[in-house]
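With compact mmCIF, C-alpha atoms inside, this is protein-v2.txt:
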# COMPACT_ATOMS: atom_id res chain seq x y z
CA MET A 1 58.98 -39.47 110.59
CA HIS A 2 55.24 -38.80 110.21
CA MET A 3 53.81 -36.06 112.42
CA LEU A 4 50.13 -36.88 112.91
CA SER A 5 49.09 -35.18 116.18
CA HIS A 6 47.95 -31.55 116.11
CA GLY A 7 49.92 -28.96 118.06
CA GLY A 8 53.16 -30.97 118.07
CA ARG A 9 56.67 -29.59 118.25
CA LEU A 10 59.98 -30.70 116.73
CA THR A 11 63.23 -30.10 118.58
CA LEU A 12 66.83 -31.26 118.35
CA GLU A 13 68.33 -33.03 121.38
CA ARG A 14 71.74 -34.76 121.36
CA GLN A 15 71.61 -35.56 117.62
CA GLN A 16 68.07 -36.90 117.99
CA LEU A 17 65.09 -35.32 116.28
CA VAL A 18 62.40 -35.26 118.95
CA HIS A 19 58.67 -34.87 118.36
CA ILE A 20 56.71 -33.69 121.40
CA ASN A 21 52.93 -33.93 121.05
CA SER A 22 50.37 -31.68 122.71
CA GLU A 23 50.29 -33.98 125.77
CA GLY A 24 54.06 -33.81 126.24
CA ILE A 25 54.75 -37.35 124.98
CA LYS A 26 58.09 -37.61 123.15
CA LYS A 27 59.07 -39.70 120.13
CA SER A 28 62.59 -39.49 118.74
CA ILE A 29 64.76 -40.73 115.88
CA PRO A 30 68.52 -40.38 115.35
CA ILE A 31 69.04 -37.51 112.94
CA GLY A 32 71.36 -39.68 110.84
CA ASP A 33 68.58 -42.26 110.24
CA LEU A 34 66.12 -39.68 108.96
CA ARG A 35 64.92 -39.60 105.33
CA ALA A 36 61.86 -37.37 105.55
CA VAL A 37 59.63 -35.52 107.97
CA VAL A 38 56.01 -35.55 106.83
CA ILE A 39 53.88 -32.95 108.61
CA ALA A 40 50.26 -34.13 108.42
CA ALA A 41 48.88 -32.17 111.36
CA ARG A 42 47.84 -28.63 112.20
CA GLY A 43 49.74 -26.30 114.53
CA THR A 44 53.12 -28.00 114.13
CA SER A 45 56.15 -25.96 115.14
CA PHE A 46 59.90 -26.56 114.95
CA SER A 47 63.04 -24.66 115.74
CA GLY A 48 65.45 -23.30 113.17
CA ASP A 49 68.13 -25.62 114.59
CA ALA A 50 65.86 -28.63 114.05
CA LEU A 51 65.10 -27.65 110.45
CA ALA A 52 68.79 -27.01 109.71
CA ALA A 53 69.73 -30.40 111.20
CA ILE A 54 67.10 -32.15 109.08
CA LEU A 55 68.43 -30.58 105.89
CA ASP A 56 72.08 -31.14 106.91
CA ALA A 57 71.20 -34.84 107.26
CA ASP A 58 69.99 -34.83 103.62
CA ALA A 59 66.38 -35.35 104.68
CA VAL A 60 63.34 -33.45 103.42
CA VAL A 61 60.29 -31.90 105.05
CA LEU A 62 56.88 -32.31 103.38
CA HIS A 63 54.34 -29.73 104.52
CA SER A 64 50.56 -30.28 104.33
CA ASN A 65 47.62 -27.94 104.78
CA ALA A 66 44.60 -28.43 107.04
CA ARG A 67 42.99 -30.81 104.52
CA TYR A 68 46.03 -33.13 104.46
CA LYS A 69 46.93 -31.85 101.00
CA PRO A 70 50.72 -31.56 100.61
CA CYS A 71 51.53 -27.94 99.81
CA GLY A 72 55.29 -27.50 100.09
CA LEU A 73 58.68 -29.14 100.37
CA SER A 74 61.87 -28.16 102.17
CA VAL A 75 64.87 -29.87 100.55
CA PRO A 76 68.66 -29.77 100.93
CA LEU A 77 70.65 -27.68 98.47
CA PRO A 78 71.54 -29.43 95.18
CA ARG A 79 75.12 -30.58 94.88
CA VAL A 80 77.52 -32.17 92.40
CA VAL A 81 78.53 -35.62 93.66
CA SER A 82 80.03 -36.96 90.44
CA HIS A 83 81.44 -34.54 87.89
CA ALA A 84 80.93 -37.14 85.17
CA ALA A 85 77.27 -37.63 86.15
CA PHE A 86 76.69 -33.88 86.27
CA LEU A 87 78.22 -33.31 82.84
CA GLY A 88 76.41 -36.37 81.53
CA GLN A 89 73.06 -35.07 82.70
CA ILE A 90 73.39 -31.50 81.45
CA GLY A 91 74.99 -32.64 78.19
CA ALA A 92 72.71 -35.58 77.41
CA GLY A 93 70.99 -35.16 74.11
CA GLU A 94 67.43 -36.09 73.25
CA PRO A 95 68.29 -39.58 71.88
CA PHE A 96 69.97 -40.68 75.14
CA ASN A 97 67.25 -39.15 77.31
CA HIS A 98 64.69 -40.96 75.16
CA LYS A 99 66.44 -44.28 75.88
CA LEU A 100 66.25 -43.61 79.61
CA TRP A 101 62.64 -42.47 79.42
CA ARG A 102 61.57 -45.51 77.40
CA LYS A 103 63.09 -47.78 80.02
CA ILE A 104 61.26 -45.87 82.77
CA LEU A 105 57.98 -45.97 80.84
CA LEU A 106 58.26 -49.70 80.17
CA ARG A 107 58.80 -50.41 83.86
CA LYS A 108 55.95 -48.08 84.81
CA VAL A 109 53.55 -49.99 82.55
CA ALA A 110 54.93 -53.37 83.69
CA ASN A 111 54.31 -52.38 87.32
CA GLN A 112 50.80 -51.20 86.47
CA ALA A 113 50.11 -54.54 84.78
CA ALA A 114 51.47 -56.33 87.86
CA CYS A 115 49.24 -54.21 90.11
CA LEU A 116 46.15 -55.23 88.13
CA ARG A 117 47.17 -58.90 88.25
CA LEU A 118 47.55 -58.69 92.03
CA LEU A 119 44.08 -57.14 92.24
CA GLY A 120 42.56 -59.95 90.17
CA VAL A 121 41.84 -57.90 87.03
CA PRO A 122 44.75 -58.73 84.67
CA SER A 123 45.10 -56.72 81.46
CA ALA A 124 46.43 -58.24 78.26
CA TYR A 125 46.62 -54.71 76.82
CA LEU A 126 49.08 -53.53 79.48
CA GLU A 127 50.99 -56.82 79.45
CA ASN A 128 51.66 -56.33 75.73
CA ALA A 129 52.49 -52.64 76.15
CA ALA A 130 55.03 -53.54 78.84
CA LYS A 131 56.80 -55.62 76.19
CA GLY A 132 56.97 -52.58 73.90
CA LYS A 133 54.00 -53.52 71.72
CA ASN A 134 51.87 -50.47 70.87
CA LEU A 135 53.35 -48.60 73.83
CA HIS A 136 51.44 -45.34 74.24
CA GLU A 137 51.51 -43.69 77.67
CA GLY A 138 48.14 -41.93 77.39
CA ASN A 139 46.25 -45.00 76.20
CA CYS A 140 47.90 -47.16 78.86
CA ALA A 141 46.88 -44.67 81.55
CA LYS A 142 43.23 -44.63 80.44
CA HIS A 143 43.10 -48.42 80.33
CA TYR A 144 44.85 -48.81 83.68
CA TRP A 145 42.73 -46.37 85.68
CA ARG A 146 39.46 -47.71 84.27
CA ARG A 147 40.31 -51.20 85.46
CA PHE A 148 42.01 -50.09 88.68
CA PHE A 149 39.11 -47.98 89.95
CA GLY A 150 36.70 -50.75 89.01
CA ALA A 151 38.76 -53.21 91.06
CA VAL A 152 38.54 -51.03 94.20
CA GLY A 153 34.79 -50.44 93.83
CA TRP A 154 34.91 -46.99 92.24
CA GLY A 155 34.01 -47.84 88.66
CA GLY A 156 33.55 -44.83 86.40
CA LEU A 157 35.91 -42.64 88.43
CA ARG A 158 38.69 -40.78 86.60
CA ARG A 159 42.22 -40.11 87.80
CA ARG A 160 42.45 -36.47 88.88
CA ALA A 161 45.68 -35.03 90.28
CA GLN A 162 43.86 -32.03 91.79
CA GLU A 163 40.72 -33.78 93.04
CA LEU A 164 40.08 -33.53 96.79
CA ASP A 165 36.53 -34.81 97.25
CA ASP A 166 36.58 -38.38 95.98
CA SER A 167 38.36 -40.80 98.25
CA PRO A 168 40.73 -42.77 95.94
CA ASN A 169 42.13 -39.68 94.21
CA HIS A 170 42.59 -37.93 97.55
CA LEU A 171 44.46 -40.93 98.93
CA LEU A 172 46.56 -41.33 95.79
CA ASN A 173 47.52 -37.65 95.73
CA TYR A 174 48.76 -37.84 99.31
CA GLY A 175 50.67 -41.08 98.73
CA TYR A 176 52.28 -39.75 95.57
CA ALA A 177 53.31 -36.54 97.36
CA VAL A 178 55.17 -38.49 100.06
CA LEU A 179 56.74 -40.70 97.39
CA SER A 180 57.71 -37.63 95.36
CA ALA A 181 59.42 -36.06 98.38
CA LEU A 182 61.58 -39.17 98.82
CA CYS A 183 62.38 -39.25 95.09
CA HIS A 184 63.33 -35.57 95.16
CA ARG A 185 65.64 -36.21 98.13
CA SER A 186 67.36 -39.18 96.47
CA LEU A 187 67.99 -37.35 93.21
CA ILE A 188 69.67 -34.47 95.07
CA VAL A 189 71.69 -36.78 97.32
CA HIS A 190 73.09 -38.57 94.27
CA GLY A 191 74.02 -35.32 92.56
CA LEU A 192 71.30 -35.13 89.93
CA GLN A 193 69.63 -31.83 89.05
CA PRO A 194 65.82 -32.12 89.51
CA VAL A 195 65.14 -29.19 87.17
CA ILE A 196 66.54 -31.09 84.15
CA GLY A 197 64.01 -33.68 83.00
CA LEU A 198 63.93 -36.58 80.57
CA GLN A 199 60.40 -36.37 79.23
CA HIS A 200 58.71 -33.67 81.31
CA ARG A 201 59.89 -30.22 80.28
CA SER A 202 61.50 -27.59 82.48
CA ARG A 203 59.17 -24.78 83.50
CA TYR A 204 58.66 -22.26 86.29
CA LYS A 205 58.62 -23.83 89.79
CA ALA A 206 58.86 -27.33 88.32
CA THR A 207 61.13 -30.29 89.00
CA PRO A 208 60.65 -32.35 85.83
CA LEU A 209 63.21 -35.04 86.68
CA VAL A 210 61.23 -35.87 89.83
CA HIS A 211 58.09 -36.29 87.71
CA ASP A 212 59.97 -38.59 85.34
CA PHE A 213 61.77 -40.60 88.00
CA ILE A 214 58.69 -41.27 90.16
CA GLU A 215 56.72 -43.05 87.43
CA PRO A 216 57.80 -46.69 88.03
CA PHE A 217 57.15 -46.28 91.77
CA ARG A 218 53.55 -45.10 91.52
CA ALA A 219 52.09 -48.59 91.12
CA PHE A 220 53.48 -49.54 94.53
CA VAL A 221 51.36 -46.79 96.10
CA ASP A 222 48.38 -47.83 93.95
CA HIS A 223 48.55 -51.42 95.15
CA ILE A 224 49.00 -50.44 98.79
CA MET A 225 46.04 -48.06 98.53
CA ALA A 226 43.82 -50.70 96.91
CA LEU A 227 44.45 -53.05 99.84
CA HIS A 228 43.75 -50.15 102.22
CA LEU A 229 40.40 -49.39 100.57
CA ARG A 230 39.39 -53.04 100.67
CA ARG A 231 39.89 -52.91 104.44
CA GLY A 232 37.54 -49.92 104.56
CA GLU A 233 39.93 -47.66 106.46
CA ASP A 234 39.90 -43.84 106.47
CA MET A 235 42.30 -41.01 105.56
CA GLN A 236 43.94 -40.85 108.98
CA ALA A 237 44.76 -44.56 108.79
CA TRP A 238 46.04 -44.09 105.23
CA ILE A 239 48.58 -41.50 106.36
CA LYS A 240 50.07 -44.08 108.74
CA VAL A 241 49.96 -46.82 106.10
CA VAL A 242 51.91 -44.70 103.60
CA GLY A 243 54.73 -44.07 106.07
CA GLN A 244 54.89 -47.68 107.25
CA SER A 245 54.78 -49.12 103.73
CA LEU A 246 57.58 -46.94 102.37
CA ARG A 247 59.67 -47.86 105.40
CA ASP A 248 58.83 -51.58 105.70
CA HIS A 249 57.70 -52.84 102.27
CA ARG A 250 60.46 -54.94 100.73
CA ILE A 251 61.31 -55.87 97.14
CA ARG A 252 63.86 -58.24 95.66
CA HIS A 253 67.19 -56.76 94.65
CA GLU A 254 70.08 -58.87 93.36
CA SER A 255 70.52 -61.81 95.77
CA GLY A 256 68.54 -60.30 98.65
CA SER A 257 65.85 -57.73 99.36
CA ILE A 258 65.71 -54.04 100.18
CA LYS A 259 63.13 -51.64 101.59
CA LEU A 260 61.09 -49.65 99.10
CA MET A 261 62.57 -46.34 100.24
CA ASP A 262 66.06 -47.83 99.79
CA ALA A 263 65.03 -48.91 96.29
CA ILE A 264 64.42 -45.23 95.51
CA ASP A 265 68.05 -44.52 96.48
CA LYS A 266 69.30 -47.47 94.43
CA ALA A 267 67.41 -46.27 91.37
CA ALA A 268 68.67 -42.68 91.75
CA SER A 269 72.24 -43.91 92.13
CA SER A 270 71.87 -46.06 89.01
CA LEU A 271 70.51 -43.10 87.05
CA ALA A 272 73.58 -41.07 88.04
CA ARG A 273 75.80 -43.94 86.82
CA ALA A 274 73.86 -44.12 83.56
CA TYR A 275 74.58 -40.44 82.95
CA ALA A 276 78.22 -40.75 84.01
CA LYS A 277 78.84 -43.71 81.69
CA ARG A 278 76.36 -42.60 79.02
CA ASN A 279 74.92 -46.11 79.20
CA ALA A 280 71.17 -46.60 79.68
CA THR A 281 71.63 -50.23 80.77
CA GLU A 282 73.07 -48.95 84.06
CA LEU A 283 69.59 -47.74 85.08
CA TRP A 284 67.93 -50.08 87.61
CA LEU A 285 64.24 -49.78 88.41
CA PRO A 286 62.11 -51.76 90.92
CA SER A 287 59.61 -54.39 89.86
CA LEU A 288 56.25 -54.75 91.59
CA VAL A 289 56.17 -58.46 90.80
CA SER A 290 59.33 -58.81 92.90
CA SER A 291 57.64 -57.42 96.02
CA LEU A 292 57.94 -59.61 99.11
Representation of the structure as structure tokens:
Amino acid sequence: MHMLSHGGRLTLERQQLVHINSEGIKKSIPIGDLRAVVIAARGTSFSGDALAAILDADAVVLHSNARYKPCGLSVPLPRVVSHAAFLGQIGAGEPFNHKLWRKILLRKVANQAACLRLLGVPSAYLENAAKGKNLHEGNCAKHYWRRFFGAVGWGGLRRRAQELDDSPNHLLNYGYAVLSALCHRSLIVHGLQPVIGLQHRSRYKATPLVHDFIEPFRAFVDHIMALHLRRGEDMQAWIKVVGQSLRDHRIRHESGSIKLMDAIDKAASSLARAYAKRNATELWLPSLVSSL
């Protein structure tokens, strides 16, 4: 649920989460169908019962400030779902974590290469890196962003995680924050500990596993944002696009297709299995080229 109107209120009514805007118009969703509440409006209020129900339903709340910059996250308490997965995660040594991280990095680069192909600026450099040839994350990132920003009409721009003033970085930061909230939720729901990372290191107020796990999904947001910019739409429209795309965008999975936000759950579940079985081949990650 995206909250976009200023002065809105969230309440709980008969197992429905109800949003009442400043004009008294109601919008509701069954609490059991909820994944996340994204607050992208000023003056939003909610009851303690509503917040408790959201967290009890294993959903998250992403809070934003007045400039639409995400600034906080309310998440359910971590839990142990599988004892084997828990022990596997906390006991995994560097060699096994490296196997998992390499698989994540290869899919990240493959999805970036696919994004550039879809935008009409294919990169032989990234295509080769996605096959494991001269795979270097920093060099791939520099190459990718140079071509990506050029493809959306912002040549010369650099990727900045903290930048607020230039449009593409602002849009990307918001999209990644919503994506990160859903990744954080899925990792907790499947019993993984977000503070124990693969590549990113544990530090104060950090969730390194979220930063590792999100990487293959970023290119989906990049591609959606590129199409948004080509339509010439603004930040308010982008907020709606992010929510709709995560809910409605579909990718191929096995013999059928699943929604992108369900793919996040599938990937988190597969990571838990990989830890439980100490087998990196259990890890499944989505492919941008398989988008429908």
- Message: If we count only C-alpha atoms and set the cut-off at 6 Å, which residues sit around region 34-37 of chain A, ignoring sequence neighbours fewer than 4 positions away in its own chain? Please answer as a PyMOL selection string.
- Response: chain A and resi 1-2+59-61
Take the residues from that selection and put them in a file with C-alpha atoms, as a tab-separated table (two decimals), in the coordinates of the input.
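Contents of the output file part_38.tsv:
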chain	number	residue	atom	x	y	z
A	1	MET	CA	58.98	-39.47	110.59
A	2	HIS	CA	55.24	-38.80	110.21
A	59	ALA	CA	66.38	-35.35	104.68
A	60	VAL	CA	63.34	-33.45	103.42
A	61	VAL	CA	60.29	-31.90	105.05
- Query: How would you write as a PyMOL selection string the residues that get within 10 Å of (78.4, -39.6, 85.4) in the file's frame, counting all atoms listed in the file?
  - Reply: chain A and resi 81-89+191-192+270-279
- Message: So, with only C-alpha atoms as the atoms that count, which of A:Cys71, A:Leu171, A:Leu100, A:Val178 lies closest to His223 (chain A)?
- Response: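 Under the stated criterion, the closest residue is A:Leu171.
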- With all atoms listed in the file as the atoms that count, which of A:Val289, A:Phe96, A:His190, A:Val38 lies nearest to Val242 (chain A)?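 Under the stated criterion, the closest residue is A:Val38.
Here the question is which of A:Gly120, A:Ala280, A:Ile214, A:Glu23 gets nearest to Pro95 (chain A) using all atoms listed in the file, and that residue is A:Ala280.
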- Query: Excluding same-chain residues fewer than 5 positions from Arg14 (chain A), what lies within 12 Å of it counting all atoms listed in the file, as a ChimeraX atom specification?
  - Reply: /A:28-32,49-50,53
With C-alpha atoms retained, export the selected residues as a PDB file, keeping the file's coordinate frame.
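Result saved to again26.pdb:
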ATOM      1  CA  SER A  28      62.590 -39.490 118.740  1.00  0.00           C
ATOM      2  CA  ILE A  29      64.760 -40.730 115.880  1.00  0.00           C
ATOM      3  CA  PRO A  30      68.520 -40.380 115.350  1.00  0.00           C
ATOM      4  CA  ILE A  31      69.040 -37.510 112.940  1.00  0.00           C
ATOM      5  CA  GLY A  32      71.360 -39.680 110.840  1.00  0.00           C
ATOM      6  CA  ASP A  49      68.130 -25.620 114.590  1.00  0.00           C
ATOM      7  CA  ALA A  50      65.860 -28.630 114.050  1.00  0.00           C
ATOM      8  CA  ALA A  53      69.730 -30.400 111.200  1.00  0.00           C
TER       9      ALA A  53
END
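Our summary of the geometry notes that CA of Gly138 (chain A) is positioned 27.4 Å from CA of Met261 (chain A).
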- Message: I want to know what sits within 10 Å of Ile39 (chain A), based on only C-alpha atoms, with residues of the same chain fewer than 4 positions away left out; could you give that as JSON, numbers by chain?
- Response: {"A": [1, 2, 3, 4, 5, 6, 8, 43, 44, 45, 61, 62, 63, 64, 65, 68, 70]}
- Note on the structure: One residue among A:Asp262, A:Glu127, A:Asp58, A:Glu137 is nearest to Ile188 (chain A) when using only C-alpha atoms, and that residue is A:Asp58
Quick one: region 80-102 of chain A with N, CA, C and O atoms, as a compact mmCIF listing (two decimals), keeping the file's coordinate frame?
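As a result, selection.txt now contains:
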# COMPACT_ATOMS: atom_id res chain seq x y z
N VAL A 80 76.89 -31.31 93.40
CA VAL A 80 77.52 -32.17 92.40
C VAL A 80 78.30 -33.25 93.14
O VAL A 80 79.24 -32.95 93.86
N VAL A 81 77.86 -34.49 93.01
CA VAL A 81 78.53 -35.62 93.66
C VAL A 81 79.56 -36.22 92.71
O VAL A 81 80.68 -36.53 93.10
N SER A 82 79.15 -36.41 91.48
CA SER A 82 80.03 -36.96 90.44
C SER A 82 80.09 -35.96 89.29
O SER A 82 79.05 -35.63 88.70
N HIS A 83 81.30 -35.49 88.99
CA HIS A 83 81.44 -34.54 87.89
C HIS A 83 81.00 -35.17 86.58
O HIS A 83 80.35 -34.51 85.75
N ALA A 84 81.30 -36.45 86.42
CA ALA A 84 80.93 -37.14 85.17
C ALA A 84 79.41 -37.24 85.05
O ALA A 84 78.85 -37.06 83.97
N ALA A 85 78.73 -37.54 86.18
CA ALA A 85 77.27 -37.63 86.15
C ALA A 85 76.65 -36.28 85.87
O ALA A 85 75.68 -36.16 85.10
N PHE A 86 77.21 -35.23 86.48
CA PHE A 86 76.69 -33.88 86.27
C PHE A 86 76.81 -33.48 84.81
O PHE A 86 75.86 -33.01 84.19
N LEU A 87 78.02 -33.67 84.25
CA LEU A 87 78.22 -33.31 82.84
C LEU A 87 77.38 -34.19 81.93
O LEU A 87 76.86 -33.72 80.91
N GLY A 88 77.23 -35.46 82.33
CA GLY A 88 76.41 -36.37 81.53
C GLY A 88 74.96 -35.95 81.50
O GLY A 88 74.29 -36.04 80.46
N GLN A 89 74.46 -35.48 82.65
CA GLN A 89 73.06 -35.07 82.70
C GLN A 89 72.81 -33.79 81.91
O GLN A 89 71.87 -33.72 81.11
N ILE A 90 73.65 -32.78 82.13
CA ILE A 90 73.39 -31.50 81.45
C ILE A 90 73.74 -31.58 79.96
O ILE A 90 73.23 -30.79 79.17
N GLY A 91 74.59 -32.54 79.59
CA GLY A 91 74.99 -32.64 78.19
C GLY A 91 74.28 -33.73 77.42
O GLY A 91 74.50 -33.88 76.22
N ALA A 92 73.41 -34.48 78.10
CA ALA A 92 72.71 -35.58 77.41
C ALA A 92 71.78 -35.03 76.34
O ALA A 92 71.01 -34.11 76.58
N GLY A 93 71.87 -35.58 75.18
CA GLY A 93 70.99 -35.16 74.11
C GLY A 93 69.66 -35.89 74.15
O GLY A 93 69.45 -36.81 74.95
N GLU A 94 68.77 -35.50 73.27
CA GLU A 94 67.43 -36.09 73.25
C GLU A 94 67.45 -37.59 73.00
O GLU A 94 66.68 -38.33 73.63
N PRO A 95 68.30 -38.13 72.10
CA PRO A 95 68.29 -39.58 71.88
C PRO A 95 68.61 -40.38 73.15
O PRO A 95 67.96 -41.40 73.43
N PHE A 96 69.62 -39.93 73.92
CA PHE A 96 69.97 -40.68 75.14
C PHE A 96 68.87 -40.54 76.18
O PHE A 96 68.50 -41.52 76.85
N ASN A 97 68.34 -39.33 76.36
CA ASN A 97 67.25 -39.15 77.31
C ASN A 97 66.03 -39.98 76.92
O ASN A 97 65.31 -40.49 77.78
N HIS A 98 65.81 -40.14 75.63
CA HIS A 98 64.69 -40.96 75.16
C HIS A 98 64.90 -42.42 75.55
O HIS A 98 63.94 -43.12 75.92
N LYS A 99 66.15 -42.91 75.47
CA LYS A 99 66.44 -44.28 75.88
C LYS A 99 66.11 -44.48 77.36
O LYS A 99 65.50 -45.49 77.75
N LEU A 100 66.54 -43.52 78.18
CA LEU A 100 66.25 -43.61 79.61
C LEU A 100 64.75 -43.54 79.87
O LEU A 100 64.21 -44.31 80.67
N TRP A 101 64.07 -42.63 79.20
CA TRP A 101 62.64 -42.47 79.42
C TRP A 101 61.86 -43.71 78.97
O TRP A 101 60.92 -44.14 79.64
N ARG A 102 62.26 -44.30 77.86
CA ARG A 102 61.57 -45.51 77.40
C ARG A 102 61.72 -46.63 78.42
O ARG A 102 60.77 -47.37 78.69
